[in-house]
Amino acid sequence: MFGLGKKKKAKAEETSVAATTAPDDSAVPESQSASKQEQEVSRPGAPSSEDNLVSFEFDRSNGPWDSSEQDTDKGYLDFGSMKVKMSDGLSMRLDVEQKSQQMVAVTLTKGKGNLQVQAFAAPKSSGIWEGISREIADSVRQQGGTVEYSNGPLGRQLISKLPAKTADGRQGFRVARFVGVDGPRWFLRGVLSGEAAVKPESAAEMEEIFRSIVVVRGDDPRPPRDLLPMTVPESVVEAQQNNQQNQQTESAAESSKSRQVPRRGPEITEIG
């Protein structure tokens, strides 16, 4: 259910609210049309340019939630700055920055759909998603990719396509869908990839998971866009410790067997 993934990039990039690295490296062949898929997951409006997109204020009445708005005593895993509701078939990867060994994101997987989430500090007076989405778009274009904007189930979103090689070596692209929600003094960013970026059923499942997230902002003053601190849940730590102990016990048992001196077995005397 759980996994630890170590990031190899610089911490500044990994914790940036505008970082464009998707948690999934799968690529779609260039010959495969993505426009239809993008429109399918871009409900209720088709993709458009940023200039033509009429944004609307997202309604958080169904989540994501602030810690003051939702009870998380049962069914949630505590990651410090956010709490994630568990469900059947949901697995998690804890993304850890290699140099600092600090947790910087959690990637949720269900089936072949992925959702990477991070929570950031934001100003009290205004949201930051509109500006952040422009920065993501600029970064994608600088990497040779393309971007389409739309209003989706989670509000303003953008779909990016970055050039990539497919598993069989053909030229293709990697599709990711970026979503963001501004809350009271916090901002929650999600990156949907795999089937969650292109297939409606998988997208709807991951969108529901995103809505169930509870952000714990805390009272400490933090500059806007500062990554809210994340911690590994106690149950995950205990599971890892138990696993290590079991491995050590098994290793000691195997080592003990290899050091045992063979005993002389019964002798058989042939008669005749």
# chains A, B, ... in the order shown; residues from 1 in each chain; ligands from 1
>>> residues_around(residues="Gln102 in chain A", least_positions_apart="2", cutoff="10 Å", atoms="only C-alpha atoms", output="mmCIF file with C-alpha atoms, in the first residue's frame")
data_model
loop_
_atom_site.group_PDB
_atom_site.id
_atom_site.type_symbol
_atom_site.label_atom_id
_atom_site.label_comp_id
_atom_site.auth_asym_id
_atom_site.auth_seq_id
_atom_site.Cartn_x
_atom_site.Cartn_y
_atom_site.Cartn_z
ATOM 1 C CA LYS A 6 13.253 9.570 -3.469
ATOM 2 C CA LYS A 11 14.813 20.777 -3.400
ATOM 3 C CA LEU A 94 5.636 9.275 -0.119
ATOM 4 C CA ASP A 95 7.842 11.532 -2.238
ATOM 5 C CA VAL A 96 11.044 12.381 -0.378
ATOM 6 C CA GLU A 97 13.621 14.956 -1.469
ATOM 7 C CA GLN A 98 16.891 13.037 -1.691
ATOM 8 C CA LYS A 99 19.300 15.590 -0.235
ATOM 9 C CA SER A 100 17.296 16.708 2.788
ATOM 10 C CA VAL A 104 7.686 17.004 -0.097
ATOM 11 C CA ALA A 105 4.585 15.387 -1.633
ATOM 12 C CA PRO A 229 5.593 20.820 6.303
ATOM 13 C CA MET A 230 4.717 17.171 5.728
ATOM 14 C CA THR A 231 5.330 14.191 8.024
ATOM 15 C CA VAL A 232 5.148 10.438 7.564
#
>>> select_by_dssp(residues="range 53-210 of chain A", states="helix (DSSP H, G or I)", output="PyMOL selection string")
chain A and resi 60-62+129-142+195-197+200-210
>>> closest_atom_pairs(of="range 168-242 of chain A", to="range 70-78 of chain A", cutoff="12 Å", atoms="only C-alpha atoms", output="CSV")
residue,atom,partner,partner_atom,distance
A:Ile209,CA,A:Tyr76,CA,11.5
A:Arg211,CA,A:Gln70,CA,11.6
A:Ser212,CA,A:Gln70,CA,9.3
A:Ile213,CA,A:Tyr76,CA,8.9
A:Val214,CA,A:Gln70,CA,7.1
A:Val215,CA,A:Gln70,CA,9.7
A:Val216,CA,A:Asp78,CA,9.6
A:Pro229,CA,A:Asp78,CA,11.9
A:Met230,CA,A:Asp78,CA,9.1
A:Thr231,CA,A:Asp78,CA,7.9
A:Val232,CA,A:Asp78,CA,7.7
A:Pro233,CA,A:Asp78,CA,5.4
A:Glu234,CA,A:Asp78,CA,8.1
A:Ser235,CA,A:Leu77,CA,8.4
A:Val236,CA,A:Leu77,CA,9.3
A:Val237,CA,A:Asp78,CA,11.9
>>> write_last_selection(atoms="N, CA and C atoms", output="tab-separated table (two decimals), in the first residue's frame")
chain	number	residue	atom	x	y	z
A	209	ILE	N	-11.09	11.96	-4.55
A	209	ILE	CA	-10.05	11.84	-3.53
A	209	ILE	C	-9.47	13.22	-3.21
A	211	ARG	N	-10.99	16.07	-3.48
A	211	ARG	CA	-11.99	16.81	-2.71
A	211	ARG	C	-12.02	16.39	-1.24
A	212	SER	N	-11.67	15.15	-0.95
A	212	SER	CA	-11.75	14.65	0.43
A	212	SER	C	-10.56	15.09	1.29
A	213	ILE	N	-9.54	15.68	0.69
A	213	ILE	CA	-8.34	16.08	1.43
A	213	ILE	C	-8.66	17.23	2.39
A	214	VAL	N	-8.09	17.14	3.59
A	214	VAL	CA	-8.25	18.19	4.60
A	214	VAL	C	-6.88	18.84	4.82
A	215	VAL	N	-6.81	20.14	4.63
A	215	VAL	CA	-5.54	20.87	4.79
A	215	VAL	C	-5.44	21.42	6.21
A	216	VAL	N	-4.29	21.19	6.83
A	216	VAL	CA	-4.00	21.70	8.18
A	216	VAL	C	-2.99	22.82	8.04
A	229	PRO	N	4.81	21.99	5.92
A	229	PRO	CA	5.59	20.82	6.30
A	229	PRO	C	4.77	19.53	6.31
A	230	MET	N	5.38	18.47	5.78
A	230	MET	CA	4.72	17.17	5.73
A	230	MET	C	5.47	16.17	6.61
A	231	THR	N	4.74	15.23	7.19
A	231	THR	CA	5.33	14.19	8.02
A	231	THR	C	4.79	12.83	7.60
A	232	VAL	N	5.58	11.80	7.88
A	232	VAL	CA	5.15	10.44	7.56
A	232	VAL	C	4.18	9.97	8.65
A	233	PRO	N	3.01	9.44	8.29
A	233	PRO	CA	2.05	8.97	9.29
A	233	PRO	C	2.65	7.92	10.22
A	234	GLU	N	2.23	7.95	11.49
A	234	GLU	CA	2.76	7.01	12.48
A	234	GLU	C	2.51	5.56	12.06
A	235	SER	N	1.36	5.28	11.47
A	235	SER	CA	1.07	3.90	11.06
A	235	SER	C	2.03	3.41	9.99
A	236	VAL	N	2.48	4.33	9.12
A	236	VAL	CA	3.43	3.95	8.08
A	236	VAL	C	4.80	3.69	8.71
A	237	VAL	N	5.19	4.55	9.66
A	237	VAL	CA	6.47	4.36	10.35
A	237	VAL	C	6.48	3.02	11.08
>>> atom_distance(atom1="CA of Gly127 in chain A", atom2="CA of Gly180 in chain A")
10.1 Å
>>> atom_distance(atom1="CA of Trp186 in chain A", atom2="CA of Met103 in chain A")
18.2 Å
>>> select_by_dssp(residues="range 168-237 of chain A", states="strand (DSSP E)", output="ChimeraX atom specification")
/A:171-183,186-194,214-215
>>> residues_around(residues="Asp88 in chain A", least_positions_apart="5", cutoff="12 Å", atoms="only C-alpha atoms", output="MDAnalysis selection string")
chainID A and resid 1 75 109:111 205 209
>>> atom_distance(atom1="CA of Thr107 in chain A", atom2="CA of Arg93 in chain A")
5.1 Å
>>> closest_residue(among="A:Glu57, A:Met86, A:Ser133, A:Gly113", to="Pro200 in chain A", atoms="only C-alpha atoms")
A:Gly113
>>> residues_around(residues="Gly145 in chain A", least_positions_apart="4", cutoff="10 Å", atoms="only C-alpha atoms", output="list in words")
Ala137, Asp138, Ser139, Val140, Arg141, Ser160, Lys161, Leu162, Pro163, Ala164, Phe173, Arg174 and Val175 of chain A
>>> closest_residue(among="A:Ser150, A:Gln118, A:Ser87, A:Ser68", to="Asp226 in chain A", atoms="only C-alpha atoms")
A:Gln118
